[in-house]
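Asks: This one is protein16.txt, compact mmCIF, C-alpha atoms.
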```
# COMPACT_ATOMS: atom_id res chain seq x y z
CA MET S 1 -27.20 13.74 -36.05
CA ASN S 2 -27.33 12.76 -32.42
CA LEU S 3 -23.90 11.17 -32.81
CA LEU S 4 -22.54 14.35 -34.37
CA SER S 5 -23.83 16.57 -31.60
CA ASN S 6 -22.37 14.14 -29.06
CA ALA S 7 -19.03 14.36 -30.82
CA MET S 8 -19.17 18.14 -30.82
CA LEU S 9 -20.06 18.17 -27.14
CA PHE S 10 -17.10 15.86 -26.47
CA ALA S 11 -14.73 18.03 -28.49
CA THR S 12 -15.88 21.11 -26.59
CA ALA S 13 -15.53 19.30 -23.28
CA SER S 14 -12.07 18.07 -24.24
CA ALA S 15 -10.95 21.55 -25.14
CA THR S 16 -11.97 22.79 -21.72
CA GLN S 17 -10.18 20.05 -19.76
CA ASP S 18 -7.67 20.86 -17.07
CA ILE S 19 -4.80 20.94 -19.55
CA PHE S 20 -3.10 24.19 -20.43
CA PHE S 21 0.06 25.29 -22.20
CA GLU S 22 2.48 27.16 -19.97
CA LEU S 23 6.03 26.89 -21.29
CA GLY S 24 7.43 28.76 -18.29
CA ASN S 25 6.50 25.80 -16.08
CA PHE S 26 9.25 23.76 -17.77
CA ILE S 27 11.90 26.15 -16.49
CA HIS S 28 10.20 26.32 -13.09
CA SER S 29 10.25 22.50 -12.81
CA LEU S 30 13.94 22.21 -13.67
CA LYS S 31 14.76 22.72 -9.99
CA TYR S 32 12.78 19.55 -9.16
CA MET S 33 14.81 17.72 -11.79
CA GLY S 34 18.02 18.94 -10.16
CA ILE S 35 16.90 18.09 -6.63
CA GLY S 36 15.44 14.73 -7.66
CA MET S 37 18.54 13.54 -9.53
CA LEU S 38 20.84 14.80 -6.79
CA VAL S 39 18.91 13.01 -4.04
CA ILE S 40 18.68 9.78 -6.01
CA PHE S 41 22.46 9.73 -6.64
CA VAL S 42 23.16 10.52 -2.98
CA VAL S 43 20.84 7.73 -1.75
CA ILE S 44 22.29 5.25 -4.26
CA GLY S 45 25.82 6.31 -3.26
CA ILE S 46 25.06 5.62 0.40
CA ILE S 47 23.49 2.27 -0.51
CA ILE S 48 26.60 1.32 -2.53
CA PHE S 49 28.76 2.22 0.45
CA ALA S 50 26.52 0.10 2.70
CA ILE S 51 26.68 -2.87 0.29
CA ASN S 52 30.47 -2.64 0.11
CA LEU S 53 30.55 -2.54 3.90
CA ILE S 54 28.36 -5.62 4.34
CA ASN S 55 30.29 -7.39 1.58
CA TYR S 56 33.49 -6.65 3.51
CA LEU S 57 32.09 -7.59 6.91
CA PHE S 58 30.29 -10.76 5.89
CA SER S 59 32.34 -12.07 2.97
CA GLU S 60 33.23 -15.76 3.08
CA ARG S 61 36.97 -15.56 3.65
CA MET Z 62 -39.59 -4.51 -24.28
CA ASP Z 63 -39.36 -0.88 -23.21
CA ILE Z 64 -36.74 -1.78 -20.65
CA LEU Z 65 -34.73 -3.57 -23.34
CA TYR Z 66 -34.80 -0.54 -25.63
CA LYS Z 67 -34.08 1.81 -22.76
CA ASN Z 68 -30.97 -0.14 -21.76
CA LEU Z 69 -29.68 -0.60 -25.30
CA LEU Z 70 -30.28 3.04 -26.25
CA ALA Z 71 -28.39 4.16 -23.17
CA PHE Z 72 -25.12 3.13 -24.88
CA SER Z 73 -23.30 6.29 -25.95
CA TRP Z 74 -20.54 6.28 -28.55
CA GLN Z 75 -18.09 7.00 -25.74
CA ASP Z 76 -19.16 3.78 -23.99
CA MET Z 77 -18.65 1.88 -27.24
CA VAL Z 78 -15.18 3.36 -27.72
CA MET Z 79 -14.23 2.35 -24.17
CA ILE Z 80 -15.57 -1.18 -24.73
CA MET Z 81 -13.44 -1.34 -27.89
CA ILE Z 82 -10.43 -0.17 -25.86
CA GLY Z 83 -11.19 -2.95 -23.37
CA CYS Z 84 -11.28 -5.47 -26.23
CA LEU Z 85 -8.02 -4.05 -27.58
CA LEU Z 86 -6.34 -4.55 -24.18
CA ILE Z 87 -7.61 -8.14 -24.13
CA TYR Z 88 -6.31 -8.67 -27.69
CA LEU Z 89 -2.89 -7.26 -26.76
CA ALA Z 90 -2.80 -9.55 -23.72
CA ILE Z 91 -3.84 -12.74 -25.53
CA GLY Z 92 -2.81 -12.12 -29.13
CA LYS Z 93 0.43 -10.25 -28.55
CA ASN Z 94 1.32 -11.62 -25.10
CA MET Z 95 1.86 -8.08 -23.78
CA GLU Z 96 1.77 -8.08 -19.94
CA PRO Z 97 -1.22 -10.46 -20.15
CA SER Z 98 -1.57 -10.89 -16.40
CA LEU Z 99 -2.47 -7.22 -16.05
CA LEU Z 100 -3.82 -6.11 -19.41
CA LEU Z 101 -6.40 -8.91 -19.58
CA PRO Z 102 -8.12 -8.17 -16.23
CA MET Z 103 -7.83 -4.46 -16.98
CA GLY Z 104 -9.40 -4.90 -20.41
CA PHE Z 105 -12.25 -6.98 -19.04
CA GLY Z 106 -12.75 -4.53 -16.19
CA THR Z 107 -12.96 -1.71 -18.76
CA ILE Z 108 -15.81 -3.51 -20.47
CA LEU Z 109 -17.58 -4.06 -17.16
CA VAL Z 110 -17.48 -0.41 -16.05
CA ASN Z 111 -18.61 1.03 -19.39
CA ILE Z 112 -21.88 -0.83 -19.73
CA PRO Z 113 -24.65 1.67 -18.93
CA PHE Z 114 -26.36 1.05 -15.58
CA SER Z 115 -23.68 -1.59 -14.83
CA ASP Z 116 -23.83 -2.71 -11.22
CA ALA Z 117 -20.18 -3.76 -11.45
CA LEU Z 118 -18.78 -0.23 -11.33
CA HIS Z 119 -20.32 0.93 -8.08
CA GLY Z 120 -20.51 -2.59 -6.66
CA PRO Z 121 -17.60 -5.05 -6.61
CA ILE Z 122 -15.13 -2.96 -8.64
CA ALA Z 123 -15.62 0.10 -6.45
CA ALA Z 124 -15.28 -2.13 -3.38
CA LEU Z 125 -12.03 -3.63 -4.69
CA TYR Z 126 -10.74 -0.19 -5.66
CA ASN Z 127 -11.42 1.25 -2.22
CA ALA Z 128 -10.06 -1.83 -0.49
CA GLY Z 129 -6.84 -2.11 -2.42
CA ILE Z 130 -5.96 0.81 -4.66
CA ALA Z 131 -7.30 3.92 -2.94
CA ASN Z 132 -5.14 2.99 0.07
CA GLU Z 133 -2.24 1.61 -2.08
CA LEU Z 134 -2.53 -1.83 -0.48
CA PHE Z 135 -2.53 -3.91 -3.70
CA PRO Z 136 0.61 -2.34 -5.26
CA LEU Z 137 2.45 -2.79 -1.96
CA LEU Z 138 1.37 -6.41 -1.57
CA LEU Z 139 2.48 -7.01 -5.16
CA PHE Z 140 5.88 -5.63 -4.19
CA ILE Z 141 6.28 -8.48 -1.67
CA GLY Z 142 5.91 -10.91 -4.56
CA ILE Z 143 8.28 -8.95 -6.80
CA GLY Z 144 10.87 -8.74 -4.01
CA ALA Z 145 10.64 -12.51 -3.55
CA MET Z 146 11.23 -13.02 -7.29
CA ILE Z 147 14.39 -10.89 -7.58
CA ASP Z 148 17.88 -12.26 -7.14
CA PHE Z 149 20.07 -9.33 -6.14
CA GLY Z 150 23.23 -11.48 -6.50
CA PRO Z 151 24.58 -9.78 -9.67
CA LEU Z 152 24.14 -6.41 -7.98
CA LEU Z 153 25.83 -7.50 -4.75
CA THR Z 154 28.91 -8.68 -6.66
CA ASN Z 155 29.26 -5.30 -8.39
CA PRO Z 156 27.41 -2.59 -6.42
CA LYS Z 157 28.74 0.25 -8.60
CA LEU Z 158 26.21 -0.85 -11.21
CA MET Z 159 23.59 0.88 -9.08
CA PHE Z 160 24.67 4.27 -10.40
CA PHE Z 161 23.30 3.27 -13.81
CA GLY Z 162 19.97 2.51 -12.17
CA ALA Z 163 20.01 6.03 -10.74
CA ALA Z 164 20.94 7.65 -14.07
CA ALA Z 165 18.13 5.85 -15.86
CA GLN Z 166 15.55 7.61 -13.68
CA PHE Z 167 16.34 10.84 -15.53
CA GLY Z 168 13.29 10.27 -17.71
CA ILE Z 169 11.02 10.68 -14.67
CA PHE Z 170 12.31 14.13 -13.83
CA PHE Z 171 12.57 15.27 -17.45
CA THR Z 172 8.97 14.17 -18.01
CA LEU Z 173 7.97 16.04 -14.87
CA CYS Z 174 9.26 19.23 -16.51
CA MET Z 175 7.51 18.39 -19.78
CA ALA Z 176 4.22 17.43 -18.14
CA SER Z 177 4.17 20.58 -16.01
CA VAL Z 178 3.81 22.56 -19.26
CA PHE Z 179 0.36 20.97 -19.73
CA PHE Z 180 -0.82 19.76 -16.32
CA PRO Z 181 -1.04 21.01 -12.72
CA THR Z 182 2.02 20.02 -10.65
CA ILE Z 183 0.37 17.09 -8.84
CA ASP Z 184 -0.80 15.50 -12.09
CA ALA Z 185 2.52 16.27 -13.81
CA ALA Z 186 4.39 14.46 -11.00
CA SER Z 187 2.00 11.50 -11.26
CA ILE Z 188 2.46 11.32 -15.03
CA ALA Z 189 6.24 11.58 -14.69
CA ILE Z 190 6.34 8.44 -12.56
CA ILE Z 191 5.33 6.42 -15.64
CA GLY Z 192 9.07 6.68 -16.30
CA ALA Z 193 9.69 4.47 -13.27
CA ALA Z 194 8.76 1.66 -15.68
CA ASP Z 195 7.22 -0.01 -12.70
CA GLY Z 196 3.45 -0.46 -12.56
CA PRO Z 197 2.96 -0.77 -8.79
CA THR Z 198 5.10 2.32 -8.12
CA SER Z 199 3.17 4.31 -10.73
CA ILE Z 200 -0.18 3.32 -9.22
CA ALA Z 201 0.95 3.95 -5.64
CA VAL Z 202 2.47 7.38 -6.38
CA ALA Z 203 -0.40 8.60 -8.58
CA ASN Z 204 -2.91 7.49 -5.96
CA THR Z 205 -1.07 9.03 -3.03
CA LEU Z 206 -0.82 12.32 -4.88
CA GLY Z 207 -4.54 12.10 -5.61
CA SER Z 208 -4.21 12.37 -9.39
CA LYS Z 209 -7.41 11.83 -11.35
CA TYR Z 210 -5.42 10.23 -14.15
CA VAL Z 211 -4.59 6.98 -12.35
CA GLY Z 212 -6.31 4.90 -15.07
CA ALA Z 213 -4.45 6.49 -17.98
CA ILE Z 214 -1.16 6.44 -16.05
CA THR Z 215 -1.55 2.73 -15.29
CA VAL Z 216 -2.39 1.89 -18.89
CA ALA Z 217 0.62 3.90 -20.12
CA ALA Z 218 3.00 2.37 -17.54
CA TYR Z 219 2.08 -1.23 -18.25
CA SER Z 220 1.74 -0.78 -22.02
CA TYR Z 221 5.18 0.77 -22.38
CA MET Z 222 6.69 -1.85 -20.08
CA ALA Z 223 5.39 -4.43 -22.51
CA LEU Z 224 6.73 -2.37 -25.42
CA VAL Z 225 10.25 -2.08 -23.98
CA PRO Z 226 11.64 -4.49 -26.65
CA ILE Z 227 10.35 -2.07 -29.31
CA ILE Z 228 11.14 1.25 -27.61
CA GLN Z 229 14.66 0.64 -26.30
CA PRO Z 230 16.73 -0.82 -29.19
CA PRO Z 231 16.37 2.18 -31.58
CA VAL Z 232 17.25 4.63 -28.79
CA ILE Z 233 20.30 2.57 -27.79
CA LYS Z 234 21.46 2.27 -31.41
CA LEU Z 235 20.98 5.98 -32.00
CA LEU Z 236 23.20 6.89 -29.05
CA THR Z 237 25.98 4.32 -29.46
CA THR Z 238 28.47 3.36 -32.14
CA LYS Z 239 28.96 -0.22 -33.29
CA LYS Z 240 32.37 -0.14 -31.62
CA GLU Z 241 30.82 0.86 -28.31
CA ARG Z 242 28.17 -1.84 -28.57
CA MET Z 243 30.94 -4.40 -29.09
CA ILE Z 244 32.79 -3.54 -25.87
CA ARG Z 245 33.22 -6.76 -23.95
CA MET Z 246 32.71 -6.86 -20.22
CA PRO Z 247 34.07 -10.10 -18.76
CA TYR Z 248 32.09 -11.19 -15.73
CA GLU Z 249 34.09 -12.08 -12.65
CA GLN Z 250 32.20 -14.70 -10.72
CA LYS Z 251 32.24 -13.78 -7.03
CA SER Z 252 30.43 -15.61 -4.29
CA VAL Z 253 28.05 -13.66 -2.09
CA SER Z 254 27.73 -14.87 1.47
CA LYS Z 255 24.32 -15.80 2.85
CA MET Z 256 24.72 -13.19 5.58
CA THR Z 257 25.27 -10.47 2.93
CA ARG Z 258 22.12 -11.55 1.12
CA ILE Z 259 20.15 -11.39 4.39
CA MET Z 260 21.62 -8.07 5.52
CA PHE Z 261 21.07 -6.44 2.11
CA PRO Z 262 17.26 -6.00 2.26
CA ILE Z 263 17.39 -4.88 5.89
CA ILE Z 264 20.09 -2.27 5.31
CA ILE Z 265 18.54 -0.98 2.07
CA THR Z 266 15.22 -0.50 3.86
CA ILE Z 267 16.79 1.40 6.74
CA VAL Z 268 19.06 3.59 4.58
CA ALA Z 269 16.52 4.44 1.87
CA SER Z 270 13.67 5.00 4.33
CA ALA Z 271 15.77 7.18 6.61
CA ILE Z 272 16.64 9.51 3.73
CA VAL Z 273 13.35 9.33 1.82
CA PRO Z 274 10.67 8.42 4.42
CA GLN Z 275 7.92 8.59 1.79
CA ALA Z 276 9.52 5.57 0.10
CA THR Z 277 9.40 3.43 3.27
CA ALA Z 278 6.32 1.42 2.32
CA LEU Z 279 7.42 0.90 -1.29
CA ILE Z 280 11.02 -0.06 -0.56
CA GLY Z 281 10.08 -1.85 2.68
CA PHE Z 282 7.59 -4.23 1.06
CA LEU Z 283 9.95 -4.92 -1.85
CA MET Z 284 12.79 -5.73 0.54
CA PHE Z 285 10.53 -7.71 2.88
CA GLY Z 286 9.71 -9.98 -0.07
CA ASN Z 287 13.42 -10.34 -0.79
CA LEU Z 288 14.21 -11.14 2.85
CA ILE Z 289 11.61 -13.93 2.78
CA ARG Z 290 13.43 -15.30 -0.30
CA GLU Z 291 16.96 -15.04 1.06
CA CYS Z 292 16.51 -16.00 4.72
CA GLY Z 293 16.46 -19.68 3.84
CA VAL Z 294 13.89 -20.70 6.45
CA LEU Z 295 10.72 -19.53 4.70
CA ASP Z 296 10.86 -21.34 1.40
CA SER Z 297 7.14 -22.07 1.31
CA LEU Z 298 6.29 -18.44 2.10
CA SER Z 299 8.74 -17.30 -0.56
CA GLU Z 300 7.11 -19.57 -3.09
CA THR Z 301 3.65 -18.35 -2.06
CA ALA Z 302 4.72 -14.71 -2.38
CA GLN Z 303 6.27 -15.31 -5.81
CA LYS Z 304 3.35 -17.22 -7.24
CA VAL Z 305 0.02 -17.27 -5.38
CA LEU Z 306 0.19 -13.83 -3.75
CA ALA Z 307 1.60 -12.08 -6.82
CA ASN Z 308 -0.96 -13.73 -9.12
CA LEU Z 309 -3.92 -13.04 -6.85
CA ILE Z 310 -3.02 -9.40 -6.33
CA THR Z 311 -2.36 -8.94 -10.06
CA ILE Z 312 -5.91 -10.13 -10.82
CA PHE Z 313 -7.44 -7.77 -8.27
CA LEU Z 314 -5.14 -4.90 -9.25
CA GLY Z 315 -5.93 -5.24 -12.94
CA ILE Z 316 -9.68 -5.41 -12.59
CA SER Z 317 -9.93 -2.69 -9.96
CA VAL Z 318 -7.75 -0.23 -11.92
CA ALA Z 319 -10.60 -0.35 -14.43
CA PHE Z 320 -12.55 1.74 -11.91
CA ASN Z 321 -10.77 4.70 -13.51
CA MET Z 322 -11.40 3.53 -17.06
CA THR Z 323 -14.87 4.95 -17.51
CA SER Z 324 -15.46 7.01 -20.65
CA GLU Z 325 -15.93 10.20 -18.59
CA GLN Z 326 -12.49 9.81 -17.06
CA PHE Z 327 -10.57 8.25 -19.93
CA LEU Z 328 -11.83 9.71 -23.22
CA LYS Z 329 -10.09 13.04 -23.02
CA VAL Z 330 -7.36 14.83 -24.90
CA ASP Z 331 -5.48 14.58 -21.60
CA THR Z 332 -5.23 10.79 -21.99
CA LEU Z 333 -3.50 11.04 -25.37
CA LEU Z 334 -1.13 13.58 -23.91
CA ILE Z 335 -0.38 11.27 -20.97
CA LEU Z 336 0.36 8.38 -23.36
CA GLY Z 337 2.73 10.65 -25.31
CA LEU Z 338 4.48 11.88 -22.17
CA GLY Z 339 4.82 8.29 -20.93
CA LEU Z 340 6.61 7.36 -24.14
CA ILE Z 341 8.95 10.33 -23.72
CA ALA Z 342 9.68 9.16 -20.16
CA PHE Z 343 10.74 5.70 -21.36
CA ILE Z 344 12.89 7.11 -24.18
CA VAL Z 345 14.65 9.63 -21.94
CA ASP Z 346 15.16 6.98 -19.22
CA THR Z 347 16.94 4.80 -21.77
CA ALA Z 348 18.97 7.72 -23.11
CA GLY Z 349 19.89 8.80 -19.57
CA GLY Z 350 21.34 5.39 -18.73
CA VAL Z 351 23.27 5.07 -22.01
CA LEU Z 352 24.67 8.61 -21.88
CA PHE Z 353 25.72 8.19 -18.25
CA ALA Z 354 27.68 5.06 -19.20
CA LYS Z 355 29.35 6.97 -22.05
CA PHE Z 356 30.18 9.76 -19.61
CA ILE Z 357 31.80 7.27 -17.20
CA ASN Z 358 33.83 5.87 -20.11
CA LEU Z 359 35.44 9.29 -20.58
CA PHE Z 360 37.25 8.82 -17.25
CA SER Z 361 37.45 5.07 -16.85
CA LYS Z 362 40.35 2.93 -18.01
CA LYS Z 363 38.18 -0.19 -18.00
CA LYS Z 364 35.54 0.63 -20.63
CA ILE Z 365 31.89 -0.12 -19.99
CA ASN Z 366 29.54 -1.20 -22.72
CA PRO Z 367 27.17 1.80 -22.71
CA MET Z 368 24.22 -0.40 -23.61
CA ILE Z 369 24.06 -1.70 -20.04
CA GLY Z 370 23.04 1.79 -18.92
CA ALA Z 371 19.74 1.31 -20.75
CA ALA Z 372 18.93 -1.64 -18.49
CA GLY Z 373 18.65 0.83 -15.61
CA ILE Z 374 14.97 1.33 -16.29
CA SER Z 375 13.14 -0.93 -13.96
CA ALA Z 376 11.22 -3.03 -16.51
CA PHE Z 377 12.56 -6.28 -15.04
CA PRO Z 378 13.84 -8.54 -16.57
CA MET Z 379 12.97 -7.50 -20.15
CA SER Z 380 15.34 -4.57 -20.26
CA GLY Z 381 18.32 -6.61 -19.03
CA ARG Z 382 17.59 -9.31 -21.59
CA ILE Z 383 17.27 -6.83 -24.45
CA VAL Z 384 20.71 -5.37 -23.74
CA HIS Z 385 22.19 -8.87 -23.54
CA LYS Z 386 20.56 -9.79 -26.87
CA MET Z 387 21.78 -6.61 -28.55
CA GLY Z 388 25.30 -7.36 -27.32
CA LEU Z 389 25.13 -10.84 -28.83
CA GLU Z 390 23.88 -9.42 -32.15
CA GLU Z 391 27.00 -7.26 -32.41
CA ASP Z 392 29.39 -9.91 -31.14
CA PRO Z 393 28.25 -13.50 -30.52
CA GLN Z 394 30.89 -13.86 -27.79
CA ASN Z 395 29.84 -10.76 -25.85
CA PHE Z 396 27.86 -11.92 -22.83
CA LEU Z 397 26.45 -8.91 -21.02
CA LEU Z 398 23.61 -10.66 -19.19
CA MET Z 399 25.01 -10.62 -15.64
CA HIS Z 400 25.93 -6.93 -15.91
CA SER Z 401 22.66 -5.93 -17.53
CA ILE Z 402 20.58 -7.85 -15.00
CA GLY Z 403 22.62 -6.24 -12.20
CA VAL Z 404 21.80 -2.80 -13.61
CA ASN Z 405 18.19 -3.86 -14.16
CA VAL Z 406 17.61 -4.85 -10.51
CA SER Z 407 19.28 -1.64 -9.37
CA GLY Z 408 16.81 0.16 -11.61
CA GLN Z 409 14.06 -1.54 -9.63
CA ILE Z 410 15.42 -0.10 -6.38
CA ALA Z 411 16.19 3.30 -7.92
CA SER Z 412 12.69 3.63 -9.40
CA VAL Z 413 11.13 3.01 -5.99
CA ILE Z 414 13.43 5.61 -4.46
CA ALA Z 415 12.51 8.02 -7.28
CA GLY Z 416 8.84 7.39 -6.44
CA GLY Z 417 9.59 8.28 -2.83
CA ILE Z 418 11.40 11.45 -3.90
CA ILE Z 419 8.41 12.49 -6.02
CA LEU Z 420 6.13 11.89 -3.04
CA ASN Z 421 8.53 13.80 -0.79
CA LEU Z 422 8.54 16.76 -3.15
CA PHE Z 423 4.84 16.94 -3.93
CA SER Z 424 2.66 15.24 -1.30
```
Go ahead and render the structure in this file as structure tokens.

Replies:
Amino acid sequence: MNLLSNAMLFATASATQDIFFELGNFIHSLKYMGIGMLVIFVVIGIIIFAINLINYLFSER
Amino acid sequence: MDILYKNLLAFSWQDMVMIMIGCLLIYLAIGKNMEPSLLLPMGFGTILVNIPFSDALHGPIAALYNAGIANELFPLLLFIGIGAMIDFGPLLTNPKLMFFGAAAQFGIFFTLCMASVFFPTIDAASIAIIGAADGPTSIAVANTLGSKYVGAITVAAYSYMALVPIIQPPVIKLLTTKKERMIRMPYEQKSVSKMTRIMFPIIITIVASAIVPQATALIGFLMFGNLIRECGVLDSLSETAQKVLANLITIFLGISVAFNMTSEQFLKVDTLLILGLGLIAFIVDTAGGVLFAKFINLFSKKKINPMIGAAGISAFPMSGRIVHKMGLEEDPQNFLLMHSIGVNVSGQIASVIAGGIILNLFS
């Protein structure tokens, strides 16, 4: 009985956790996806340029 | 006798469930050889913190947590060891492979959108970084953002890293045809000068940190470890970083992450949701890399085997090996290892940069 009431308390507590369901947040967060992927490709692009440059400057010719 | 009863009766069913989870982590580590170096200390730590009136939780484990995780020290020190372990040679011979590493971070940002449907932004961003497929980055980012789900995020990150051989192949097969999987990519052996190998970690640190300052510590410690490896005059330090330092920090990291594995913090619907979102992150990461390679093939004369895109998730070196193995299954003469490992190490760099971007956007 004690176990059951514990379980019920847990279920109630779980239902009142910080989680929610707000579908609109998906659309709102799409801008972070766009910014994030753009920045990561830009940074990687610059790094590739830098690697090509050091490969050119320091290659064993 | 009263004391004995009092202590034994203090066990709640939640404590028992957490102790069983601890045992399960130990079983996965020993019985299934899944990331044993982390899951075993984490499993044992979970048992320690869920014993009622345990002096371990607020004693040594809390001390270790505050000394090394709350301030992100342990993940960063571990990065020195990881940097010392990685040979960036395959990447330096073909730098364009890095774009696949970038594409395979798509899962992080997609999961961010998904997680924001259920969680506040800070927690959603912390959950999304599970997709970095990189334990230390996940811990560092979630901690810096102050997420209360660090324990669940760490469990998800390391568990899915260990499950990469199960998660990735079906996704790759679903998105590619047999013909695509049979595309051969001959490897042109090029020598990389010692100076290039030395300059690489220095330049990467400066470039990445200048653009994403929040990634300075993560990328800097990774590249510092690599510089120790490549400089050629610190062999004993390199060996120490790769073995002793990495092992020692892994023990402390594993057991102190358990600080967040108490029943009050872990046994929630939220945890199941985080595990589900973590799985989505890994699947979308894999799909992002494969689809990007297919997209490149639309314009490229020299076709790329799209499977190598999947190696862009940073689970190093498992992901690179899986792609190589899948290539051999389709065509025993198709050796993709050097390409897939090149993409895999670029995924390591890209995931750290993605972590920095997340911190830049949300901290």

Asks: Report the distance between CA of Lys234 (chain Z) and CA of Met95 (chain Z) in Å, rounded to one decimal place.

Replies: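 Computing it gives 23.4 Å between the two atoms.
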
Asks: Pull out every residue of chain Z that has at least one atom within 8 Å of chain S, counting only C-alpha atoms, and report them as a ChimeraX atom specification.

Replies: /Z:74,153,156-157,159-160,163-164,166-167,170-171,173-175,177-181,252-254,256-257,260-261,264-265,268-269,272,329-331,411,414-415,418-419,422

Asks: For the residues selected in the previous step, produce a file with C-alpha atoms as an mmCIF file, in the frame of the given file.

Replies:
```
data_model
loop_
_atom_site.group_PDB
_atom_site.id
_atom_site.type_symbol
_atom_site.label_atom_id
_atom_site.label_comp_id
_atom_site.auth_asym_id
_atom_site.auth_seq_id
_atom_site.Cartn_x
_atom_site.Cartn_y
_atom_site.Cartn_z
ATOM 1 C CA TRP Z 74 -20.540 6.280 -28.550
ATOM 2 C CA LEU Z 153 25.830 -7.500 -4.750
ATOM 3 C CA PRO Z 156 27.410 -2.590 -6.420
ATOM 4 C CA LYS Z 157 28.740 0.250 -8.600
ATOM 5 C CA MET Z 159 23.590 0.880 -9.080
ATOM 6 C CA PHE Z 160 24.670 4.270 -10.400
ATOM 7 C CA ALA Z 163 20.010 6.030 -10.740
ATOM 8 C CA ALA Z 164 20.940 7.650 -14.070
ATOM 9 C CA GLN Z 166 15.550 7.610 -13.680
ATOM 10 C CA PHE Z 167 16.340 10.840 -15.530
ATOM 11 C CA PHE Z 170 12.310 14.130 -13.830
ATOM 12 C CA PHE Z 171 12.570 15.270 -17.450
ATOM 13 C CA LEU Z 173 7.970 16.040 -14.870
ATOM 14 C CA CYS Z 174 9.260 19.230 -16.510
ATOM 15 C CA MET Z 175 7.510 18.390 -19.780
ATOM 16 C CA SER Z 177 4.170 20.580 -16.010
ATOM 17 C CA VAL Z 178 3.810 22.560 -19.260
ATOM 18 C CA PHE Z 179 0.360 20.970 -19.730
ATOM 19 C CA PHE Z 180 -0.820 19.760 -16.320
ATOM 20 C CA PRO Z 181 -1.040 21.010 -12.720
ATOM 21 C CA SER Z 252 30.430 -15.610 -4.290
ATOM 22 C CA VAL Z 253 28.050 -13.660 -2.090
ATOM 23 C CA SER Z 254 27.730 -14.870 1.470
ATOM 24 C CA MET Z 256 24.720 -13.190 5.580
ATOM 25 C CA THR Z 257 25.270 -10.470 2.930
ATOM 26 C CA MET Z 260 21.620 -8.070 5.520
ATOM 27 C CA PHE Z 261 21.070 -6.440 2.110
ATOM 28 C CA ILE Z 264 20.090 -2.270 5.310
ATOM 29 C CA ILE Z 265 18.540 -0.980 2.070
ATOM 30 C CA VAL Z 268 19.060 3.590 4.580
ATOM 31 C CA ALA Z 269 16.520 4.440 1.870
ATOM 32 C CA ILE Z 272 16.640 9.510 3.730
ATOM 33 C CA LYS Z 329 -10.090 13.040 -23.020
ATOM 34 C CA VAL Z 330 -7.360 14.830 -24.900
ATOM 35 C CA ASP Z 331 -5.480 14.580 -21.600
ATOM 36 C CA ALA Z 411 16.190 3.300 -7.920
ATOM 37 C CA ILE Z 414 13.430 5.610 -4.460
ATOM 38 C CA ALA Z 415 12.510 8.020 -7.280
ATOM 39 C CA ILE Z 418 11.400 11.450 -3.900
ATOM 40 C CA ILE Z 419 8.410 12.490 -6.020
ATOM 41 C CA LEU Z 422 8.540 16.760 -3.150
#
```

Asks: Find the spatial neighbours of region 318-324 of chain Z, counting all atoms listed in the file, within a cut-off of 8 Å - ignore same-chain residues fewer than 3 positions away - and output them as a CSV table (one decimal) with C-alpha atoms, in the frame of the given file.

Replies:
```csv
chain,number,residue,atom,x,y,z
Z,75,GLN,CA,-18.1,7.0,-25.7
Z,76,ASP,CA,-19.2,3.8,-24.0
Z,78,VAL,CA,-15.2,3.4,-27.7
Z,79,MET,CA,-14.2,2.4,-24.2
Z,103,MET,CA,-7.8,-4.5,-17.0
Z,104,GLY,CA,-9.4,-4.9,-20.4
Z,106,GLY,CA,-12.8,-4.5,-16.2
Z,107,THR,CA,-13.0,-1.7,-18.8
Z,110,VAL,CA,-17.5,-0.4,-16.0
Z,111,ASN,CA,-18.6,1.0,-19.4
Z,118,LEU,CA,-18.8,-0.2,-11.3
Z,122,ILE,CA,-15.1,-3.0,-8.6
Z,123,ALA,CA,-15.6,0.1,-6.4
Z,126,TYR,CA,-10.7,-0.2,-5.7
Z,130,ILE,CA,-6.0,0.8,-4.7
Z,210,TYR,CA,-5.4,10.2,-14.2
Z,211,VAL,CA,-4.6,7.0,-12.4
Z,212,GLY,CA,-6.3,4.9,-15.1
Z,213,ALA,CA,-4.4,6.5,-18.0
Z,215,THR,CA,-1.6,2.7,-15.3
Z,314,LEU,CA,-5.1,-4.9,-9.2
Z,315,GLY,CA,-5.9,-5.2,-12.9
Z,327,PHE,CA,-10.6,8.2,-19.9
Z,328,LEU,CA,-11.8,9.7,-23.2
```

Asks: Nearest residue to Val413 (chain Z) out of Z:Leu389, Z:Ala194, Z:Val225, Z:Ile312, using all atoms listed in the file?

Replies: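 Counting all atoms listed in the file, the residue closest to Val413 (chain Z) is Z:Ala194.
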
Asks: For CA of Lys251 (chain Z) and CA of Thr154 (chain Z), quote the distance in Å rounded to one decimal.

Replies: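 Atom-to-atom, CA of Lys251 (chain Z) to CA of Thr154 (chain Z), that is 6.1 Å.
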
Asks: When you draw a straight line from CA of Gly142 (chain Z) to CA of Thr311 (chain Z), how long is it in Å?

Replies: 10.1 Å

Asks: What's the 12 Å shell around Glu133 (chain Z), counting only C-alpha atoms, without same-chain residues fewer than 5 positions away, as a list in words?

Replies: Leu125, Tyr126, Asn127, Ala128, Leu138, Leu139, Phe140, Pro197, Thr198, Ser199, Ile200, Ala201, Val202, Ala203, Asn204, Thr205, Leu206, Gly207, Val211, Ala278, Leu279, Phe282, Ile310, Leu314, Ser317 and Val318 of chain Z
